[in-house]
file model.cif (mmCIF, C-alpha atoms)
data_upload
#
loop_
_atom_site.group_PDB
_atom_site.id
_atom_site.type_symbol
_atom_site.label_atom_id
_atom_site.label_comp_id
_atom_site.auth_asym_id
_atom_site.auth_seq_id
_atom_site.Cartn_x
_atom_site.Cartn_y
_atom_site.Cartn_z
ATOM 1 C CA MET A 1 -94.693 -113.917 -13.585
ATOM 2 C CA ASN A 2 -96.980 -110.922 -13.077
ATOM 3 C CA VAL A 3 -99.707 -111.523 -10.468
ATOM 4 C CA LEU A 4 -102.545 -109.216 -9.356
ATOM 5 C CA ILE A 5 -104.634 -110.026 -6.277
ATOM 6 C CA THR A 6 -107.789 -108.249 -5.158
ATOM 7 C CA GLY A 7 -108.348 -108.333 -1.430
ATOM 8 C CA GLY A 8 -104.582 -108.656 -1.253
ATOM 9 C CA THR A 9 -104.078 -106.710 1.956
ATOM 10 C CA SER A 10 -105.340 -109.330 4.414
ATOM 11 C CA GLY A 11 -106.379 -112.946 4.877
ATOM 12 C CA ILE A 12 -106.089 -115.368 1.976
ATOM 13 C CA GLY A 13 -105.246 -112.593 -0.465
ATOM 14 C CA LEU A 14 -102.270 -111.333 1.530
ATOM 15 C CA ALA A 15 -101.011 -114.857 2.268
ATOM 16 C CA THR A 16 -101.119 -115.620 -1.449
ATOM 17 C CA ALA A 17 -99.356 -112.363 -2.287
ATOM 18 C CA ARG A 18 -96.591 -113.243 0.176
ATOM 19 C CA LEU A 19 -96.178 -116.662 -1.412
ATOM 20 C CA TYR A 20 -95.893 -115.322 -4.939
ATOM 21 C CA ALA A 21 -93.508 -112.574 -3.807
ATOM 22 C CA ALA A 22 -91.314 -115.147 -2.054
ATOM 23 C CA ARG A 23 -91.090 -117.044 -5.353
ATOM 24 C CA GLY A 24 -89.769 -113.915 -7.017
ATOM 25 C CA ASP A 25 -92.909 -113.065 -8.955
ATOM 26 C CA LYS A 26 -94.050 -109.491 -9.531
ATOM 27 C CA VAL A 27 -97.098 -108.882 -7.328
ATOM 28 C CA ALA A 28 -99.772 -106.191 -7.215
ATOM 29 C CA VAL A 29 -102.303 -106.006 -4.387
ATOM 30 C CA VAL A 30 -105.694 -104.342 -4.781
ATOM 31 C CA GLY A 31 -107.576 -102.929 -1.809
ATOM 32 C CA ARG A 32 -109.653 -100.003 -0.641
ATOM 33 C CA ASP A 33 -107.794 -99.181 2.582
ATOM 34 C CA GLN A 34 -104.731 -97.052 1.834
ATOM 35 C CA ALA A 35 -102.986 -97.841 5.116
ATOM 36 C CA LYS A 36 -103.317 -101.595 4.568
ATOM 37 C CA LEU A 37 -102.176 -101.202 0.972
ATOM 38 C CA ASP A 38 -99.087 -99.302 2.051
ATOM 39 C CA ALA A 39 -98.317 -101.919 4.705
ATOM 40 C CA ALA A 40 -98.658 -104.837 2.279
ATOM 41 C CA ALA A 41 -96.596 -103.072 -0.368
ATOM 42 C CA ALA A 42 -93.832 -102.324 2.119
ATOM 43 C CA GLU A 43 -93.806 -105.864 3.515
ATOM 44 C CA ILE A 44 -93.575 -107.830 0.275
ATOM 45 C CA GLY A 45 -92.535 -105.262 -2.305
ATOM 46 C CA ALA A 46 -95.920 -105.299 -4.026
ATOM 47 C CA VAL A 47 -97.436 -102.635 -6.242
ATOM 48 C CA PRO A 48 -100.442 -101.088 -4.432
ATOM 49 C CA VAL A 49 -103.637 -100.528 -6.438
ATOM 50 C CA ARG A 50 -106.308 -98.629 -4.542
ATOM 51 C CA CYS A 51 -109.961 -99.143 -5.446
ATOM 52 C CA ASP A 52 -113.193 -100.695 -4.193
ATOM 53 C CA VAL A 53 -114.234 -103.498 -6.548
ATOM 54 C CA VAL A 54 -117.897 -102.651 -5.894
ATOM 55 C CA ASP A 55 -117.339 -99.409 -7.822
ATOM 56 C CA GLU A 56 -116.789 -100.808 -11.311
ATOM 57 C CA ALA A 57 -115.961 -97.467 -12.964
ATOM 58 C CA ALA A 58 -113.290 -96.707 -10.366
ATOM 59 C CA THR A 59 -111.996 -100.266 -10.609
ATOM 60 C CA VAL A 60 -111.640 -100.024 -14.388
ATOM 61 C CA ALA A 61 -109.775 -96.727 -14.038
ATOM 62 C CA ALA A 62 -107.373 -98.139 -11.428
ATOM 63 C CA LEU A 63 -106.731 -101.355 -13.345
ATOM 64 C CA THR A 64 -106.217 -99.475 -16.596
ATOM 65 C CA SER A 65 -103.555 -97.332 -14.944
ATOM 66 C CA TYR A 66 -101.884 -100.441 -13.542
ATOM 67 C CA VAL A 67 -101.807 -102.273 -16.883
ATOM 68 C CA ASP A 68 -100.489 -99.169 -18.666
ATOM 69 C CA ALA A 69 -97.632 -98.932 -16.166
ATOM 70 C CA HIS A 70 -96.849 -102.584 -15.446
ATOM 71 C CA GLY A 71 -98.323 -104.689 -18.228
ATOM 72 C CA LEU A 72 -101.082 -107.277 -18.315
ATOM 73 C CA PRO A 73 -100.844 -109.785 -15.425
ATOM 74 C CA ASP A 74 -100.380 -113.484 -16.052
ATOM 75 C CA VAL A 75 -102.496 -114.384 -13.010
ATOM 76 C CA ILE A 76 -105.547 -112.608 -11.580
ATOM 77 C CA ILE A 77 -106.838 -113.715 -8.174
ATOM 78 C CA ASN A 78 -110.172 -112.378 -6.968
ATOM 79 C CA ALA A 79 -109.996 -112.655 -3.178
ATOM 80 C CA ALA A 80 -111.879 -109.491 -2.197
ATOM 81 C CA GLY A 81 -114.950 -110.288 -0.145
ATOM 82 C CA ILE A 82 -117.038 -109.794 2.964
ATOM 83 C CA VAL A 83 -119.179 -112.180 5.015
ATOM 84 C CA GLY A 84 -122.767 -111.436 5.988
ATOM 85 C CA VAL A 85 -123.894 -113.737 8.817
ATOM 86 C CA GLY A 86 -127.301 -114.277 10.402
ATOM 87 C CA GLU A 87 -130.541 -116.199 9.979
ATOM 88 C CA PHE A 88 -132.332 -115.057 6.846
ATOM 89 C CA VAL A 89 -135.467 -113.806 8.624
ATOM 90 C CA ASP A 90 -133.318 -111.491 10.771
ATOM 91 C CA LEU A 91 -130.631 -110.443 8.297
ATOM 92 C CA ASP A 92 -130.383 -106.772 7.357
ATOM 93 C CA PRO A 93 -131.258 -106.451 3.644
ATOM 94 C CA ALA A 94 -128.438 -103.923 3.253
ATOM 95 C CA LEU A 95 -125.899 -106.489 4.474
ATOM 96 C CA TYR A 96 -127.376 -109.068 2.118
ATOM 97 C CA ARG A 97 -126.982 -106.714 -0.830
ATOM 98 C CA ALA A 98 -123.478 -105.621 0.218
ATOM 99 C CA THR A 99 -122.310 -109.228 0.444
ATOM 100 C CA ILE A 100 -123.543 -110.053 -3.045
ATOM 101 C CA GLU A 101 -122.244 -106.807 -4.538
ATOM 102 C CA THR A 102 -118.762 -107.280 -3.074
ATOM 103 C CA ASP A 103 -118.268 -111.030 -3.344
ATOM 104 C CA LEU A 104 -120.039 -111.689 -6.643
ATOM 105 C CA MET A 105 -120.330 -108.442 -8.571
ATOM 106 C CA GLY A 106 -116.858 -107.283 -7.509
ATOM 107 C CA THR A 107 -115.453 -110.519 -8.926
ATOM 108 C CA VAL A 108 -117.457 -110.045 -12.120
ATOM 109 C CA ALA A 109 -116.205 -106.462 -12.512
ATOM 110 C CA VAL A 110 -112.530 -107.470 -12.317
ATOM 111 C CA CYS A 111 -113.077 -110.375 -14.712
ATOM 112 C CA ARG A 112 -114.961 -108.116 -17.117
ATOM 113 C CA PHE A 113 -111.889 -105.901 -17.323
ATOM 114 C CA PHE A 114 -109.214 -108.583 -17.660
ATOM 115 C CA ALA A 115 -110.923 -111.379 -19.629
ATOM 116 C CA PRO A 116 -110.989 -109.579 -23.017
ATOM 117 C CA LEU A 117 -107.336 -108.585 -22.641
ATOM 118 C CA MET A 118 -106.295 -112.148 -21.796
ATOM 119 C CA VAL A 119 -108.354 -113.551 -24.669
ATOM 120 C CA LYS A 120 -106.643 -111.130 -27.052
ATOM 121 C CA ARG A 121 -103.233 -112.216 -25.723
ATOM 122 C CA GLY A 122 -104.202 -115.892 -25.789
ATOM 123 C CA SER A 123 -103.078 -116.787 -22.263
ATOM 124 C CA GLY A 124 -103.643 -116.131 -18.578
ATOM 125 C CA HIS A 125 -105.113 -117.436 -15.343
ATOM 126 C CA ILE A 126 -108.170 -116.138 -13.481
ATOM 127 C CA ALA A 127 -108.707 -117.607 -10.000
ATOM 128 C CA ASN A 128 -111.912 -116.723 -8.172
ATOM 129 C CA VAL A 129 -112.191 -117.308 -4.428
ATOM 130 C CA ALA A 130 -115.518 -118.935 -3.584
ATOM 131 C CA SER A 131 -115.997 -121.000 -0.419
ATOM 132 C CA VAL A 132 -117.263 -124.272 0.972
ATOM 133 C CA ALA A 133 -120.416 -122.144 1.264
ATOM 134 C CA GLY A 134 -120.295 -121.886 -2.531
ATOM 135 C CA TYR A 135 -121.384 -125.511 -2.957
ATOM 136 C CA MET A 136 -123.066 -126.094 0.434
ATOM 137 C CA GLY A 137 -125.878 -123.956 1.778
ATOM 138 C CA ILE A 138 -124.613 -123.166 5.289
ATOM 139 C CA TYR A 139 -127.095 -122.472 8.100
ATOM 140 C CA GLY A 140 -126.898 -118.748 8.935
ATOM 141 C CA TYR A 141 -124.993 -117.921 5.740
ATOM 142 C CA SER A 142 -127.802 -117.384 3.229
ATOM 143 C CA ALA A 143 -126.266 -114.102 1.984
ATOM 144 C CA TYR A 144 -122.738 -115.481 1.788
ATOM 145 C CA SER A 145 -123.885 -118.735 0.166
ATOM 146 C CA ALA A 146 -125.952 -116.792 -2.368
ATOM 147 C CA ALA A 147 -122.899 -114.735 -3.316
ATOM 148 C CA LYS A 148 -120.467 -117.655 -3.393
ATOM 149 C CA PHE A 149 -122.846 -119.990 -5.245
ATOM 150 C CA GLY A 150 -122.969 -117.135 -7.745
ATOM 151 C CA VAL A 151 -119.168 -117.088 -7.935
ATOM 152 C CA MET A 152 -119.184 -120.846 -8.580
ATOM 153 C CA GLY A 153 -121.722 -120.631 -11.392
ATOM 154 C CA PHE A 154 -120.079 -117.576 -12.907
ATOM 155 C CA SER A 155 -116.645 -119.199 -12.788
ATOM 156 C CA GLU A 156 -117.869 -122.396 -14.437
ATOM 157 C CA ALA A 157 -119.506 -120.518 -17.303
ATOM 158 C CA LEU A 158 -116.416 -118.329 -17.641
ATOM 159 C CA ARG A 159 -114.201 -121.425 -17.760
ATOM 160 C CA PHE A 160 -116.085 -122.825 -20.738
ATOM 161 C CA GLU A 161 -115.969 -119.509 -22.584
ATOM 162 C CA LEU A 162 -112.292 -118.710 -21.983
ATOM 163 C CA LYS A 163 -110.638 -122.138 -22.232
ATOM 164 C CA PRO A 164 -110.764 -122.229 -26.068
ATOM 165 C CA HIS A 165 -108.811 -118.952 -26.040
ATOM 166 C CA GLY A 166 -105.980 -120.243 -23.866
ATOM 167 C CA VAL A 167 -107.186 -118.594 -20.640
ATOM 168 C CA GLN A 168 -107.537 -120.879 -17.603
ATOM 169 C CA VAL A 169 -110.128 -120.285 -14.890
ATOM 170 C CA HIS A 170 -109.817 -121.685 -11.360
ATOM 171 C CA VAL A 171 -112.204 -121.599 -8.409
ATOM 172 C CA LEU A 172 -111.055 -121.928 -4.791
ATOM 173 C CA CYS A 173 -113.400 -123.290 -2.110
ATOM 174 C CA PRO A 174 -111.722 -122.836 1.287
ATOM 175 C CA PRO A 175 -113.271 -123.921 4.596
ATOM 176 C CA ASP A 176 -113.266 -121.644 7.671
ATOM 177 C CA THR A 177 -110.009 -119.712 7.538
ATOM 178 C CA GLU A 178 -108.278 -117.620 10.213
ATOM 179 C CA THR A 179 -108.690 -114.267 8.496
ATOM 180 C CA PRO A 180 -108.689 -110.972 10.463
ATOM 181 C CA GLY A 181 -112.487 -110.859 10.432
ATOM 182 C CA PHE A 182 -113.072 -114.493 11.357
ATOM 183 C CA ALA A 183 -113.407 -113.927 15.104
ATOM 184 C CA GLU A 184 -116.129 -111.335 14.522
ATOM 185 C CA GLU A 185 -117.826 -113.618 12.018
ATOM 186 C CA VAL A 186 -117.940 -116.411 14.604
ATOM 187 C CA ARG A 187 -119.327 -114.007 17.212
ATOM 188 C CA GLN A 188 -122.211 -113.085 14.890
ATOM 189 C CA ARG A 189 -123.123 -116.650 13.985
ATOM 190 C CA PRO A 190 -126.519 -117.967 15.116
ATOM 191 C CA ALA A 191 -126.254 -120.412 18.008
ATOM 192 C CA ALA A 192 -127.391 -123.241 15.735
ATOM 193 C CA THR A 193 -124.530 -122.565 13.320
ATOM 194 C CA ALA A 194 -122.017 -122.839 16.142
ATOM 195 C CA LYS A 195 -123.506 -126.185 17.229
ATOM 196 C CA ILE A 196 -123.509 -127.541 13.681
ATOM 197 C CA SER A 197 -119.881 -126.497 13.199
ATOM 198 C CA GLY A 198 -118.935 -128.335 16.384
ATOM 199 C CA ASN A 199 -115.210 -128.422 17.094
ATOM 200 C CA LEU A 200 -114.032 -127.785 13.553
ATOM 201 C CA LYS A 201 -110.964 -125.583 13.680
ATOM 202 C CA PRO A 202 -110.253 -122.941 11.053
ATOM 203 C CA VAL A 203 -107.247 -123.437 8.816
ATOM 204 C CA SER A 204 -104.489 -120.890 8.272
ATOM 205 C CA PRO A 205 -104.438 -118.493 5.293
ATOM 206 C CA ASP A 206 -100.933 -119.765 4.501
ATOM 207 C CA TYR A 207 -102.266 -123.302 4.045
ATOM 208 C CA ILE A 208 -105.008 -122.070 1.710
ATOM 209 C CA ALA A 209 -102.526 -119.926 -0.228
ATOM 210 C CA GLN A 210 -100.278 -122.931 -0.794
ATOM 211 C CA LYS A 211 -103.200 -124.984 -2.115
ATOM 212 C CA LEU A 212 -104.324 -122.118 -4.342
ATOM 213 C CA VAL A 213 -100.931 -121.460 -5.910
ATOM 214 C CA ARG A 214 -100.289 -125.172 -6.410
ATOM 215 C CA GLY A 215 -103.700 -125.589 -8.009
ATOM 216 C CA ILE A 216 -103.081 -122.715 -10.412
ATOM 217 C CA ASP A 217 -99.634 -124.089 -11.285
ATOM 218 C CA ARG A 218 -101.170 -127.482 -12.044
ATOM 219 C CA GLY A 219 -104.054 -126.067 -14.065
ATOM 220 C CA LYS A 220 -106.772 -127.354 -11.720
ATOM 221 C CA TYR A 221 -110.233 -125.846 -12.002
ATOM 222 C CA TYR A 222 -111.688 -126.949 -8.647
ATOM 223 C CA ILE A 223 -109.348 -126.230 -5.749
ATOM 224 C CA VAL A 224 -110.972 -127.638 -2.601
ATOM 225 C CA PRO A 225 -108.541 -127.772 0.348
ATOM 226 C CA GLY A 226 -109.104 -130.210 3.203
ATOM 227 C CA ALA A 227 -110.336 -133.809 3.421
ATOM 228 C CA LEU A 228 -113.734 -132.975 4.959
ATOM 229 C CA SER A 229 -114.426 -130.261 2.377
ATOM 230 C CA LYS A 230 -113.546 -132.676 -0.428
ATOM 231 C CA PHE A 231 -115.812 -135.326 1.106
ATOM 232 C CA TYR A 232 -118.885 -133.071 1.121
ATOM 233 C CA PHE A 233 -118.041 -131.711 -2.331
ATOM 234 C CA ARG A 234 -117.980 -135.236 -3.761
ATOM 235 C CA LEU A 235 -120.934 -136.502 -1.719
ATOM 236 C CA LYS A 236 -123.217 -133.684 -2.825
ATOM 237 C CA GLY A 237 -122.314 -134.296 -6.454
ATOM 238 C CA ILE A 238 -122.689 -138.084 -6.332
ATOM 239 C CA TRP A 239 -125.497 -138.617 -3.806
ATOM 240 C CA PRO A 240 -127.231 -135.336 -2.877
ATOM 241 C CA GLU A 241 -130.030 -137.057 -0.959
ATOM 242 C CA ILE A 242 -127.532 -138.504 1.519
ATOM 243 C CA TYR A 243 -125.860 -135.107 1.839
ATOM 244 C CA LEU A 244 -129.202 -133.469 2.670
ATOM 245 C CA TRP A 245 -130.047 -136.225 5.160
ATOM 246 C CA ILE A 246 -126.741 -135.721 6.996
ATOM 247 C CA VAL A 247 -127.088 -131.938 7.167
ATOM 248 C CA ASP A 248 -130.783 -132.129 8.130
ATOM 249 C CA GLY A 249 -129.745 -134.338 11.028
ATOM 250 C CA ASP A 250 -127.095 -131.855 12.149
ATOM 251 C CA VAL A 251 -129.610 -128.988 11.999
ATOM 252 C CA LYS A 252 -132.306 -130.950 13.824
ATOM 253 C CA LYS A 253 -129.913 -131.546 16.740
ATOM 254 C CA SER A 254 -128.891 -127.883 16.849
ATOM 255 C CA VAL A 255 -132.057 -125.775 16.623
#

call {"tool": "encode", "arguments": {"input": "model.cif", "output": "structure tokens"}}
result
Amino acid sequence: MNVLITGGTSGIGLATARLYAARGDKVAVVGRDQAKLDAAAAEIGAVPVRCDVVDEAATVAALTSYVDAHGLPDVIINAAGIVGVGEFVDLDPALYRATIETDLMGTVAVCRFFAPLMVKRGSGHIANVASVAGYMGIYGYSAYSAAKFGVMGFSEALRFELKPHGVQVHVLCPPDTETPGFAEEVRQRPAATAKISGNLKPVSPDYIAQKLVRGIDRGKYYIVPGALSKFYFRLKGIWPEIYLWIVDGDVKKSV
């Protein structure tokens, strides 16, 4: 199987690339840092594809070159993203825009390139990495939630449009994950966010990668790892008033 992963040089993206490579699949990793690309390629035998998904023209050029040389992937995973943290009234507008442009519009750009090719072929998988913050508005994460809610809505619409053509769409909603930037993210969190989070421990990228790959293999649309994440996902869908009451209580005790 031919797999291409954006954000494949670190965190969830790299863990997923390692897992596919260990299965014997052909893997390409997309990133903007040449040194990290070279390191990932050397470690797992991946094909490096250098581009910044925010630059759609450059992304199209890089992906076109890859497809010409290696063929159309069977699986596309959009894991490239950044996290903008801070209370909305204090958050730098530039960071807000950068978060949305990278996490949402970068995902859209990659899908815009691959979706028509997969539809023409009549098969393929597109997995977009959202977040728990993609279905829950997290205190201090208004930029990140805006971007990831966007990924959720985009992915759902894309699923309906592509399914009749044999192309499967998946959306991953991981909780806090021990990525390279997680420690800095925690340091930047508002004090209230830290209190609300309590003693919740982040999960490993390897755990998330296993859930993602298994979900793709099984044709699942929603991939929501972890019992607590699943609980809130279901609660918000079934009884949103109770969900809001619980979270309001957590915020009231923390601010």

call {"tool": "resolve_selection", "arguments": {"input": "model.cif", "expression": "the PyMOL selection byres ((chain A and resi 205) around 9)", "output": "PDB file with C-alpha atoms, in the frame of the given file"}}
result
ATOM      1  CA  GLY A  11    -106.379-112.946   4.877  1.00  0.00           C
ATOM      2  CA  ILE A  12    -106.089-115.368   1.976  1.00  0.00           C
ATOM      3  CA  GLY A  13    -105.246-112.593  -0.465  1.00  0.00           C
ATOM      4  CA  LEU A  14    -102.270-111.333   1.530  1.00  0.00           C
ATOM      5  CA  ALA A  15    -101.011-114.857   2.268  1.00  0.00           C
ATOM      6  CA  THR A  16    -101.119-115.620  -1.449  1.00  0.00           C
ATOM      7  CA  THR A 177    -110.009-119.712   7.538  1.00  0.00           C
ATOM      8  CA  GLU A 178    -108.278-117.620  10.213  1.00  0.00           C
ATOM      9  CA  THR A 179    -108.690-114.267   8.496  1.00  0.00           C
ATOM     10  CA  VAL A 203    -107.247-123.437   8.816  1.00  0.00           C
ATOM     11  CA  SER A 204    -104.489-120.890   8.272  1.00  0.00           C
ATOM     12  CA  ASP A 206    -100.933-119.765   4.501  1.00  0.00           C
ATOM     13  CA  TYR A 207    -102.266-123.302   4.045  1.00  0.00           C
ATOM     14  CA  ILE A 208    -105.008-122.070   1.710  1.00  0.00           C
ATOM     15  CA  ALA A 209    -102.526-119.926  -0.228  1.00  0.00           C
ATOM     16  CA  GLN A 210    -100.278-122.931  -0.794  1.00  0.00           C
TER      17      GLN A 210
END

call {"tool": "residues_around", "arguments": {"input": "model.cif", "residues": "Gly226 (chain A)", "least_positions_apart": "5", "cutoff": "12 Å", "atoms": "all atoms listed in the file", "output": "PDB file with C-alpha atoms, in the coordinates of the input"}}
result
ATOM      1  CA  VAL A 132    -117.263-124.272   0.972  1.00  0.00           C
ATOM      2  CA  LEU A 172    -111.055-121.928  -4.791  1.00  0.00           C
ATOM      3  CA  CYS A 173    -113.400-123.290  -2.110  1.00  0.00           C
ATOM      4  CA  PRO A 174    -111.722-122.836   1.287  1.00  0.00           C
ATOM      5  CA  PRO A 175    -113.271-123.921   4.596  1.00  0.00           C
ATOM      6  CA  ASP A 176    -113.266-121.644   7.671  1.00  0.00           C
ATOM      7  CA  THR A 177    -110.009-119.712   7.538  1.00  0.00           C
ATOM      8  CA  LEU A 200    -114.032-127.785  13.553  1.00  0.00           C
ATOM      9  CA  LYS A 201    -110.964-125.583  13.680  1.00  0.00           C
ATOM     10  CA  PRO A 202    -110.253-122.941  11.053  1.00  0.00           C
ATOM     11  CA  VAL A 203    -107.247-123.437   8.816  1.00  0.00           C
ATOM     12  CA  SER A 204    -104.489-120.890   8.272  1.00  0.00           C
ATOM     13  CA  TYR A 207    -102.266-123.302   4.045  1.00  0.00           C
ATOM     14  CA  ILE A 208    -105.008-122.070   1.710  1.00  0.00           C
ATOM     15  CA  LYS A 211    -103.200-124.984  -2.115  1.00  0.00           C
ATOM     16  CA  PHE A 231    -115.812-135.326   1.106  1.00  0.00           C
ATOM     17  CA  TYR A 232    -118.885-133.071   1.121  1.00  0.00           C
ATOM     18  CA  PHE A 233    -118.041-131.711  -2.331  1.00  0.00           C
TER      19      PHE A 233
END

call {"tool": "residues_around", "arguments": {"input": "model.cif", "residues": "Val108 (chain A)", "least_positions_apart": "3", "cutoff": "12 Å", "atoms": "all atoms listed in the file", "output": "PDB file with C-alpha atoms, keeping the file's coordinate frame"}}
result
ATOM      1  CA  VAL A  53    -114.234-103.498  -6.548  1.00  0.00           C
ATOM      2  CA  VAL A  54    -117.897-102.651  -5.894  1.00  0.00           C
ATOM      3  CA  ASP A  55    -117.339 -99.409  -7.822  1.00  0.00           C
ATOM      4  CA  GLU A  56    -116.789-100.808 -11.311  1.00  0.00           C
ATOM      5  CA  THR A  59    -111.996-100.266 -10.609  1.00  0.00           C
ATOM      6  CA  VAL A  60    -111.640-100.024 -14.388  1.00  0.00           C
ATOM      7  CA  ILE A  77    -106.838-113.715  -8.174  1.00  0.00           C
ATOM      8  CA  ASN A  78    -110.172-112.378  -6.968  1.00  0.00           C
ATOM      9  CA  ALA A  79    -109.996-112.655  -3.178  1.00  0.00           C
ATOM     10  CA  ALA A  80    -111.879-109.491  -2.197  1.00  0.00           C
ATOM     11  CA  ILE A 100    -123.543-110.053  -3.045  1.00  0.00           C
ATOM     12  CA  GLU A 101    -122.244-106.807  -4.538  1.00  0.00           C
ATOM     13  CA  THR A 102    -118.762-107.280  -3.074  1.00  0.00           C
ATOM     14  CA  ASP A 103    -118.268-111.030  -3.344  1.00  0.00           C
ATOM     15  CA  LEU A 104    -120.039-111.689  -6.643  1.00  0.00           C
ATOM     16  CA  MET A 105    -120.330-108.442  -8.571  1.00  0.00           C
ATOM     17  CA  CYS A 111    -113.077-110.375 -14.712  1.00  0.00           C
ATOM     18  CA  ARG A 112    -114.961-108.116 -17.117  1.00  0.00           C
ATOM     19  CA  PHE A 113    -111.889-105.901 -17.323  1.00  0.00           C
ATOM     20  CA  PHE A 114    -109.214-108.583 -17.660  1.00  0.00           C
ATOM     21  CA  ALA A 115    -110.923-111.379 -19.629  1.00  0.00           C
ATOM     22  CA  ILE A 126    -108.170-116.138 -13.481  1.00  0.00           C
ATOM     23  CA  ALA A 127    -108.707-117.607 -10.000  1.00  0.00           C
ATOM     24  CA  ASN A 128    -111.912-116.723  -8.172  1.00  0.00           C
ATOM     25  CA  VAL A 129    -112.191-117.308  -4.428  1.00  0.00           C
ATOM     26  CA  ALA A 147    -122.899-114.735  -3.316  1.00  0.00           C
ATOM     27  CA  LYS A 148    -120.467-117.655  -3.393  1.00  0.00           C
ATOM     28  CA  GLY A 150    -122.969-117.135  -7.745  1.00  0.00           C
ATOM     29  CA  VAL A 151    -119.168-117.088  -7.935  1.00  0.00           C
ATOM     30  CA  MET A 152    -119.184-120.846  -8.580  1.00  0.00           C
ATOM     31  CA  GLY A 153    -121.722-120.631 -11.392  1.00  0.00           C
ATOM     32  CA  PHE A 154    -120.079-117.576 -12.907  1.00  0.00           C
ATOM     33  CA  SER A 155    -116.645-119.199 -12.788  1.00  0.00           C
ATOM     34  CA  ALA A 157    -119.506-120.518 -17.303  1.00  0.00           C
ATOM     35  CA  LEU A 158    -116.416-118.329 -17.641  1.00  0.00           C
TER      36      LEU A 158
END

call {"tool": "resolve_selection", "arguments": {"input": "model.cif", "expression": "the PyMOL selection byres ((chain A and resi 47) around 9)", "output": "list of chain:residue names"}}
result
A:Leu4, A:Lys26, A:Val27, A:Ala28, A:Val29, A:Val30, A:Leu37, A:Ala40, A:Ala41, A:Gly45, A:Ala46, A:Pro48, A:Val49, A:Tyr66

call {"tool": "write_last_selection", "arguments": {"input": "model.cif", "atoms": "C-alpha atoms", "output": "short mmCIF file (atom, residue, chain, number, x, y, z; two decimals), in the frame of the given file"}}
result
data_model
loop_
_atom_site.label_atom_id
_atom_site.label_comp_id
_atom_site.auth_asym_id
_atom_site.auth_seq_id
_atom_site.Cartn_x
_atom_site.Cartn_y
_atom_site.Cartn_z
CA LEU A 4 -102.54 -109.22 -9.36
CA LYS A 26 -94.05 -109.49 -9.53
CA VAL A 27 -97.10 -108.88 -7.33
CA ALA A 28 -99.77 -106.19 -7.22
CA VAL A 29 -102.30 -106.01 -4.39
CA VAL A 30 -105.69 -104.34 -4.78
CA LEU A 37 -102.18 -101.20 0.97
CA ALA A 40 -98.66 -104.84 2.28
CA ALA A 41 -96.60 -103.07 -0.37
CA GLY A 45 -92.54 -105.26 -2.31
CA ALA A 46 -95.92 -105.30 -4.03
CA PRO A 48 -100.44 -101.09 -4.43
CA VAL A 49 -103.64 -100.53 -6.44
CA TYR A 66 -101.88 -100.44 -13.54
#

call {"tool": "closest_residue", "arguments": {"input": "model.cif", "among": "A:Pro93, A:Gly215, A:Gly237, A:Gly249", "to": "Tyr135 (chain A)", "atoms": "all atoms listed in the file"}}
result
A:Gly237

call {"tool": "atom_distance", "arguments": {"input": "model.cif", "atom1": "CA of Val169 (chain A)", "atom2": "CA of Tyr221 (chain A)"}}
result
6.3 Å

call {"tool": "closest_residue", "arguments": {"input": "model.cif", "among": "A:Gly86, A:Gly124, A:Pro240, A:Pro190", "to": "Ser145 (chain A)", "atoms": "all atoms listed in the file"}}
result
A:Gly86

call {"tool": "closest_residue", "arguments": {"input": "model.cif", "among": "A:Asn2, A:Ala191, A:Gln34, A:Gly134", "to": "Gly71 (chain A)", "atoms": "all atoms listed in the file"}}
result
A:Asn2

call {"tool": "closest_residue", "arguments": {"input": "model.cif", "among": "A:Arg50, A:Gly181, A:Met1, A:Val110", "to": "Ala35 (chain A)", "atoms": "all atoms listed in the file"}}
result
A:Arg50

call {"tool": "closest_residue", "arguments": {"input": "model.cif", "among": "A:Val213, A:Ile82, A:Gly166, A:Asp52", "to": "Val3 (chain A)", "atoms": "all atoms listed in the file"}}
result
A:Val213

call {"tool": "build_atoms", "arguments": {"input": "model.cif", "residues": "region 111-118 of chain A", "atoms": "N, CA and C atoms", "output": "PDB file, in the frame of the given file"}}
result
ATOM      1  N   CYS A 111    -113.157-109.460 -13.574  1.00  0.00           N
ATOM      2  CA  CYS A 111    -113.077-110.375 -14.712  1.00  0.00           C
ATOM      3  C   CYS A 111    -113.507-109.690 -16.003  1.00  0.00           C
ATOM      4  N   ARG A 112    -114.495-108.815 -15.914  1.00  0.00           N
ATOM      5  CA  ARG A 112    -114.961-108.116 -17.117  1.00  0.00           C
ATOM      6  C   ARG A 112    -113.846-107.263 -17.717  1.00  0.00           C
ATOM      7  N   PHE A 113    -113.000-106.717 -16.839  1.00  0.00           N
ATOM      8  CA  PHE A 113    -111.889-105.901 -17.323  1.00  0.00           C
ATOM      9  C   PHE A 113    -110.791-106.768 -17.941  1.00  0.00           C
ATOM     10  N   PHE A 114    -110.399-107.833 -17.244  1.00  0.00           N
ATOM     11  CA  PHE A 114    -109.214-108.583 -17.660  1.00  0.00           C
ATOM     12  C   PHE A 114    -109.487-109.651 -18.720  1.00  0.00           C
ATOM     13  N   ALA A 115    -110.673-110.262 -18.718  1.00  0.00           N
ATOM     14  CA  ALA A 115    -110.923-111.379 -19.629  1.00  0.00           C
ATOM     15  C   ALA A 115    -110.698-111.019 -21.098  1.00  0.00           C
ATOM     16  N   PRO A 116    -111.223-109.891 -21.600  1.00  0.00           N
ATOM     17  CA  PRO A 116    -110.989-109.579 -23.017  1.00  0.00           C
ATOM     18  C   PRO A 116    -109.509-109.375 -23.343  1.00  0.00           C
ATOM     19  N   LEU A 117    -108.764-108.814 -22.412  1.00  0.00           N
ATOM     20  CA  LEU A 117    -107.336-108.585 -22.641  1.00  0.00           C
ATOM     21  C   LEU A 117    -106.581-109.905 -22.680  1.00  0.00           C
ATOM     22  N   MET A 118    -106.948-110.839 -21.803  1.00  0.00           N
ATOM     23  CA  MET A 118    -106.295-112.148 -21.796  1.00  0.00           C
ATOM     24  C   MET A 118    -106.671-112.956 -23.028  1.00  0.00           C
TER      25      MET A 118
END
